[in-house]
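With PDB, C-alpha atoms inside, this is coords22.pdb:
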ATOM      1  CA  ILE A   1    -162.258 -19.449  17.550  1.00  0.00           C
ATOM      2  CA  ARG A   2    -163.621 -20.148  20.982  1.00  0.00           C
ATOM      3  CA  LEU A   3    -167.159 -19.483  22.219  1.00  0.00           C
ATOM      4  CA  SER A   4    -167.111 -19.096  25.975  1.00  0.00           C
ATOM      5  CA  ASP A   5    -169.068 -17.553  28.837  1.00  0.00           C
ATOM      6  CA  PRO A   6    -167.926 -13.930  29.299  1.00  0.00           C
ATOM      7  CA  THR A   7    -168.608 -14.146  33.030  1.00  0.00           C
ATOM      8  CA  ASN A   8    -166.755 -17.429  33.519  1.00  0.00           C
ATOM      9  CA  ASP A   9    -163.655 -18.030  31.383  1.00  0.00           C
ATOM     10  CA  ASN A  10    -163.558 -21.676  32.498  1.00  0.00           C
ATOM     11  CA  VAL A  11    -166.726 -22.530  30.520  1.00  0.00           C
ATOM     12  CA  THR A  12    -166.249 -23.204  26.796  1.00  0.00           C
ATOM     13  CA  TYR A  13    -169.337 -23.840  24.667  1.00  0.00           C
ATOM     14  CA  ASP A  14    -167.767 -24.473  21.311  1.00  0.00           C
ATOM     15  CA  CYS A  15    -164.352 -24.463  19.677  1.00  0.00           C
ATOM     16  CA  GLU A  16    -163.299 -24.370  15.996  1.00  0.00           C
ATOM     17  CA  SER A  17    -159.846 -24.151  14.466  1.00  0.00           C
ATOM     18  CA  CYS A  18    -158.367 -23.985  11.003  1.00  0.00           C
ATOM     19  CA  GLN A  19    -155.043 -23.262   9.379  1.00  0.00           C
ATOM     20  CA  VAL A  20    -154.702 -19.785   7.943  1.00  0.00           C
ATOM     21  CA  GLY A  21    -151.999 -18.505   5.658  1.00  0.00           C
ATOM     22  CA  PHE A  22    -151.468 -15.303   3.750  1.00  0.00           C
ATOM     23  CA  ARG A  23    -149.756 -14.849   0.420  1.00  0.00           C
ATOM     24  CA  ASP A  24    -149.451 -11.987  -1.974  1.00  0.00           C
ATOM     25  CA  VAL A  25    -150.004 -13.052  -5.602  1.00  0.00           C
ATOM     26  CA  GLU A  26    -149.334 -10.532  -8.354  1.00  0.00           C
ATOM     27  CA  VAL A  27    -147.963 -10.179 -11.863  1.00  0.00           C
ATOM     28  CA  ILE A  28    -144.643  -8.304 -11.980  1.00  0.00           C
ATOM     29  CA  ASN A  29    -143.002  -7.728 -15.380  1.00  0.00           C
ATOM     30  CA  ARG A  30    -145.171 -10.460 -16.947  1.00  0.00           C
ATOM     31  CA  ASN A  31    -144.180 -12.984 -14.239  1.00  0.00           C
ATOM     32  CA  VAL A  32    -146.551 -14.517 -11.716  1.00  0.00           C
ATOM     33  CA  CYS A  33    -145.072 -13.775  -8.305  1.00  0.00           C
ATOM     34  CA  VAL A  34    -145.953 -15.145  -4.877  1.00  0.00           C
ATOM     35  CA  ASN A  35    -144.748 -13.025  -1.965  1.00  0.00           C
ATOM     36  CA  GLN A  36    -142.687 -11.043  -4.520  1.00  0.00           C
ATOM     37  CA  GLY A  37    -140.795 -14.143  -5.684  1.00  0.00           C
ATOM     38  CA  ARG A  38    -141.140 -15.364  -9.275  1.00  0.00           C
ATOM     39  CA  LEU A  39    -143.264 -18.503  -9.483  1.00  0.00           C
ATOM     40  CA  MET A  40    -142.191 -21.222 -11.877  1.00  0.00           C
ATOM     41  CA  ILE A  41    -145.056 -23.682 -12.249  1.00  0.00           C
ATOM     42  CA  CYS A  42    -144.112 -27.273 -12.951  1.00  0.00           C
ATOM     43  CA  GLY A  43    -147.299 -29.324 -13.029  1.00  0.00           C
ATOM     44  CA  VAL A  44    -148.926 -32.611 -13.853  1.00  0.00           C
ATOM     45  CA  ASN A  45    -152.462 -33.774 -14.709  1.00  0.00           C
ATOM     46  CA  ARG A  46    -154.238 -36.104 -12.313  1.00  0.00           C
ATOM     47  CA  HIS A  47    -157.413 -38.152 -12.529  1.00  0.00           C
ATOM     48  CA  GLU A  48    -158.818 -39.255  -9.198  1.00  0.00           C
ATOM     49  CA  HIS A  49    -158.130 -42.950  -9.717  1.00  0.00           C
ATOM     50  CA  ASP A  50    -156.416 -45.751  -7.837  1.00  0.00           C
ATOM     51  CA  GLU A  51    -154.699 -48.569  -9.738  1.00  0.00           C
ATOM     52  CA  SER A  52    -156.388 -51.282  -7.661  1.00  0.00           C
ATOM     53  CA  ARG A  53    -159.520 -49.584  -6.243  1.00  0.00           C
ATOM     54  CA  GLY A  54    -160.609 -47.631  -9.316  1.00  0.00           C
ATOM     55  CA  LYS A  55    -162.489 -44.452  -8.395  1.00  0.00           C
ATOM     56  CA  ALA A  56    -162.599 -45.426  -4.691  1.00  0.00           C
ATOM     57  CA  VAL A  57    -159.530 -43.356  -3.793  1.00  0.00           C
ATOM     58  CA  ASP A  58    -158.483 -43.387  -0.148  1.00  0.00           C
ATOM     59  CA  GLU A  59    -156.152 -40.987   1.663  1.00  0.00           C
ATOM     60  CA  LEU A  60    -153.159 -43.323   1.396  1.00  0.00           C
ATOM     61  CA  SER A  61    -153.512 -43.365  -2.399  1.00  0.00           C
ATOM     62  CA  MET A  62    -153.726 -39.560  -2.450  1.00  0.00           C
ATOM     63  CA  LEU A  63    -150.586 -39.317  -0.332  1.00  0.00           C
ATOM     64  CA  ARG A  64    -148.742 -41.703  -2.668  1.00  0.00           C
ATOM     65  CA  ASP A  65    -149.646 -39.435  -5.577  1.00  0.00           C
ATOM     66  CA  ILE A  66    -148.436 -36.337  -3.734  1.00  0.00           C
ATOM     67  CA  VAL A  67    -145.175 -37.948  -2.607  1.00  0.00           C
ATOM     68  CA  LEU A  68    -144.484 -39.060  -6.183  1.00  0.00           C
ATOM     69  CA  MET A  69    -145.190 -35.544  -7.510  1.00  0.00           C
ATOM     70  CA  LYS A  70    -142.930 -33.929  -4.917  1.00  0.00           C
ATOM     71  CA  GLN A  71    -140.221 -36.545  -5.547  1.00  0.00           C
ATOM     72  CA  TYR A  72    -140.062 -35.388  -9.183  1.00  0.00           C
ATOM     73  CA  ASN A  73    -140.185 -31.683  -8.241  1.00  0.00           C
ATOM     74  CA  PHE A  74    -143.728 -30.910  -9.373  1.00  0.00           C
ATOM     75  CA  ASN A  75    -145.309 -27.998  -7.529  1.00  0.00           C
ATOM     76  CA  ALA A  76    -148.722 -27.965  -9.239  1.00  0.00           C
ATOM     77  CA  VAL A  77    -151.467 -30.404 -10.156  1.00  0.00           C
ATOM     78  CA  ARG A  78    -154.428 -30.090 -12.512  1.00  0.00           C
ATOM     79  CA  ASN A  79    -157.489 -31.991 -11.366  1.00  0.00           C
ATOM     80  CA  SER A  80    -158.936 -33.462 -14.514  1.00  0.00           C
ATOM     81  CA  HIS A  81    -162.560 -32.815 -15.442  1.00  0.00           C
ATOM     82  CA  TYR A  82    -164.459 -33.183 -12.168  1.00  0.00           C
ATOM     83  CA  PRO A  83    -164.272 -32.220  -8.493  1.00  0.00           C
ATOM     84  CA  ASN A  84    -161.977 -34.274  -6.255  1.00  0.00           C
ATOM     85  CA  GLN A  85    -162.565 -35.325  -2.665  1.00  0.00           C
ATOM     86  CA  ALA A  86    -162.249 -32.475  -0.151  1.00  0.00           C
ATOM     87  CA  ARG A  87    -159.321 -34.219   1.540  1.00  0.00           C
ATOM     88  CA  TRP A  88    -157.301 -33.990  -1.698  1.00  0.00           C
ATOM     89  CA  TYR A  89    -157.407 -30.177  -1.595  1.00  0.00           C
ATOM     90  CA  GLN A  90    -156.368 -30.176   2.072  1.00  0.00           C
ATOM     91  CA  LEU A  91    -153.414 -32.469   1.357  1.00  0.00           C
ATOM     92  CA  CYS A  92    -152.303 -30.320  -1.586  1.00  0.00           C
ATOM     93  CA  ASP A  93    -152.328 -27.302   0.723  1.00  0.00           C
ATOM     94  CA  GLU A  94    -150.403 -29.166   3.437  1.00  0.00           C
ATOM     95  CA  TYR A  95    -147.749 -30.442   1.008  1.00  0.00           C
ATOM     96  CA  GLY A  96    -147.390 -27.223  -0.989  1.00  0.00           C
ATOM     97  CA  LEU A  97    -148.987 -28.084  -4.320  1.00  0.00           C
ATOM     98  CA  TYR A  98    -150.752 -25.417  -6.356  1.00  0.00           C
ATOM     99  CA  VAL A  99    -154.072 -26.745  -7.666  1.00  0.00           C
ATOM    100  CA  VAL A 100    -155.710 -26.025 -11.002  1.00  0.00           C
ATOM    101  CA  ASP A 101    -159.273 -27.201 -10.576  1.00  0.00           C
ATOM    102  CA  GLU A 102    -161.998 -27.697 -13.168  1.00  0.00           C
ATOM    103  CA  ALA A 103    -165.661 -26.788 -12.941  1.00  0.00           C
ATOM    104  CA  ASN A 104    -166.981 -29.882 -14.729  1.00  0.00           C
ATOM    105  CA  ILE A 105    -168.464 -27.855 -17.601  1.00  0.00           C
ATOM    106  CA  GLU A 106    -166.923 -29.636 -20.567  1.00  0.00           C
ATOM    107  CA  THR A 107    -169.224 -30.279 -23.491  1.00  0.00           C
ATOM    108  CA  HIS A 108    -166.976 -32.145 -25.894  1.00  0.00           C
ATOM    109  CA  GLY A 109    -168.140 -35.601 -26.810  1.00  0.00           C
ATOM    110  CA  LEU A 110    -171.702 -34.428 -27.480  1.00  0.00           C
ATOM    111  CA  LYS A 111    -173.345 -35.206 -30.798  1.00  0.00           C
ATOM    112  CA  ASP A 112    -176.289 -33.583 -32.489  1.00  0.00           C
ATOM    113  CA  VAL A 113    -179.353 -35.506 -33.661  1.00  0.00           C
ATOM    114  CA  GLU A 114    -177.549 -36.440 -36.867  1.00  0.00           C
ATOM    115  CA  GLY A 115    -174.514 -37.807 -34.979  1.00  0.00           C
ATOM    116  CA  TYR A 116    -172.110 -34.937 -35.673  1.00  0.00           C
ATOM    117  CA  PRO A 117    -169.921 -33.511 -32.854  1.00  0.00           C
ATOM    118  CA  THR A 118    -171.310 -30.348 -31.271  1.00  0.00           C
ATOM    119  CA  ASN A 119    -170.473 -27.964 -28.443  1.00  0.00           C
ATOM    120  CA  GLU A 120    -173.796 -26.144 -28.635  1.00  0.00           C
ATOM    121  CA  LEU A 121    -174.629 -26.798 -24.997  1.00  0.00           C
ATOM    122  CA  CYS A 122    -172.387 -23.906 -23.950  1.00  0.00           C
ATOM    123  CA  THR A 123    -174.273 -21.494 -26.210  1.00  0.00           C
ATOM    124  CA  GLN A 124    -177.769 -22.365 -24.971  1.00  0.00           C
ATOM    125  CA  LEU A 125    -179.029 -19.871 -22.386  1.00  0.00           C
ATOM    126  CA  ASP A 126    -181.190 -22.446 -20.606  1.00  0.00           C
ATOM    127  CA  TRP A 127    -177.941 -24.161 -19.511  1.00  0.00           C
ATOM    128  CA  LEU A 128    -176.513 -20.927 -18.038  1.00  0.00           C
ATOM    129  CA  PRO A 129    -177.763 -21.590 -14.457  1.00  0.00           C
ATOM    130  CA  SER A 130    -176.127 -25.027 -14.493  1.00  0.00           C
ATOM    131  CA  TYR A 131    -172.829 -23.556 -15.681  1.00  0.00           C
ATOM    132  CA  PHE A 132    -172.938 -20.839 -13.014  1.00  0.00           C
ATOM    133  CA  GLU A 133    -173.730 -23.382 -10.303  1.00  0.00           C
ATOM    134  CA  ARG A 134    -170.793 -25.615 -11.241  1.00  0.00           C
ATOM    135  CA  VAL A 135    -168.340 -22.710 -11.528  1.00  0.00           C
ATOM    136  CA  THR A 136    -169.539 -21.324  -8.172  1.00  0.00           C
ATOM    137  CA  ARG A 137    -169.006 -24.700  -6.495  1.00  0.00           C
ATOM    138  CA  MET A 138    -165.482 -24.836  -7.946  1.00  0.00           C
ATOM    139  CA  VAL A 139    -164.618 -21.381  -6.593  1.00  0.00           C
ATOM    140  CA  GLU A 140    -166.035 -22.238  -3.165  1.00  0.00           C
ATOM    141  CA  ARG A 141    -163.944 -25.416  -2.963  1.00  0.00           C
TER     142      ARG A 141
END

Could you render the structure as C-alpha cells?
Amino acid sequence: IRLSDPTNDNVTYDCESCQVGFRDVEVINRNVCVNQGRLMICGVNRHEHDESRGKAVDELSMLRDIVLMKQYNFNAVRNSHYPNQARWYQLCDEYGLYVVDEANIETHGLKDVEGYPTNELCTQLDWLPSYFERVTRMVER
C-alpha cells in the first residue's frame, strides 16, 4: 500500500507491504482439505526453549527448530501452553508449517484450600473476561 500525493506521483508519504496468500479450507467427505487437496497433518509439540539460552529464544534457534521439523517431514507444530514470539509465527508461515496455538487458559495444577486438585477456575464467571481476552489475543495473533 502506498500513500502518495494525487497531484504529484513522485511524492510518496508512506509505504507498507505484507505477504498475502489465499487458501480454501473445507471438510470434504470427512477430510480436511486445503485448496481441494486432502490435508494429512503430521505434527510435533514445541515449547519455546533453547538448550543453552533457556527461554531467551533467538531467531537462529527458531530456524533450527523449523529445519529439524521439515527434515523429518513434519508439516504442523503445536505451541505449548503460552504465546510464542511474533517472529515464530512469521517463520512458520514462510516455511509452510501449520500452527496449532494455545490461548494460555489452562487451569490444571490448581489446588483448592484443602490441597485437592481443582479446575474450578474455568467455571467461575468472574474469570470469564480474562478467558475471553486471552482467546481473543490468540485469534488475533

Surrounding residues of Val57 of chain A excluding itself and chain neighbours under 5 positions, 10 Å, only C-alpha atoms, as a ChimeraX atom specification: /A:48-52,62,84-85,88

Contact residues around Asn119 of chain A with all atoms listed in the file at 10 Å, ignoring same-chain residues under 6 positions, as a PyMOL selection string: chain A and resi 106-112

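With only the atoms specified (all atoms listed in the file) counting, those residues at most 12 Å away from (-163.8, -28.8, -13.7) are His47, Arg78, Asn79, Ser80, His81, Tyr82, Pro83, Asn84, Val99, Val100, Asp101, Glu102, Ala103, Asn104, Ile105, Glu106, Thr107, Tyr131, Glu133, Arg134, Val135, Thr136, Arg137, Met138, Val139 and Arg141 of chain A.
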
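When all atoms listed in the file are used to compute distances to Gly96 of chain A, the closest of the residues A:Thr118, A:Ser130, A:Ser17, A:Asn73 turns out to be A:Asn73.
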
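Using only C-alpha atoms, the shortest contact distance between Cys42 of chain A and any of A:Arg87, A:Val77, A:Pro6, A:Phe132 is found at A:Val77.
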
Within 12 Å of Glu94 of chain A using all atoms listed in the file, minus same-chain residues under 3 positions, as an MDAnalysis selection string: chainID A and resid 19:21 63 66:67 87:91 97:99

Surrounding residues of Tyr13 of chain A excluding itself and chain neighbours under 4 positions, 12 Å, only C-alpha atoms, as a list in words: Ile1, Arg2, Leu3, Ser4, Asp5, Pro6, Asn8 and Asp9 of chain A

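Using all atoms listed in the file, the contacts of Arg23 of chain A at a cut-off of 12 Å, with sequence neighbours closer than 4 positions omitted, comprise Cys33, Val34, Asn35, Gln36 and Gly37 of chain A.
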
I need the residues from that last selection saved to file as a compact mmCIF listing (two decimals), in the coordinates of the input (with C-alpha atoms), if you can.
# COMPACT_ATOMS: atom_id res chain seq x y z
CA CYS A 33 -145.07 -13.78 -8.30
CA VAL A 34 -145.95 -15.14 -4.88
CA ASN A 35 -144.75 -13.02 -1.96
CA GLN A 36 -142.69 -11.04 -4.52
CA GLY A 37 -140.79 -14.14 -5.68

Picked residues, the PyMOL selection byres ((chain A and resi 43) around 7), expected as a PDB file with C-alpha atoms, keeping the file's coordinate frame:
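Final output, saved to result_30.pdb:
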ATOM      1  CA  ILE A  41    -145.056 -23.682 -12.249  1.00  0.00           C
ATOM      2  CA  CYS A  42    -144.112 -27.273 -12.951  1.00  0.00           C
ATOM      3  CA  VAL A  44    -148.926 -32.611 -13.853  1.00  0.00           C
ATOM      4  CA  PHE A  74    -143.728 -30.910  -9.373  1.00  0.00           C
ATOM      5  CA  ASN A  75    -145.309 -27.998  -7.529  1.00  0.00           C
ATOM      6  CA  ALA A  76    -148.722 -27.965  -9.239  1.00  0.00           C
ATOM      7  CA  VAL A  77    -151.467 -30.404 -10.156  1.00  0.00           C
TER       8      VAL A  77
END

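The coordinates place atom CA of Asp93 of chain A at 16.1 Å from atom CA of Leu60 of chain A.
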
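Using only C-alpha atoms, the shortest contact distance between Arg38 of chain A and any of A:Asp24, A:Asp14, A:Glu114, A:Asp58 is found at A:Asp24.
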
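Going from atom CA of Asn29 of chain A to atom CA of Cys92 of chain A covers 28.1 Å.
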
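Separating atom CA of Gln71 of chain A from atom CA of Cys18 of chain A is a distance of 27.6 Å.
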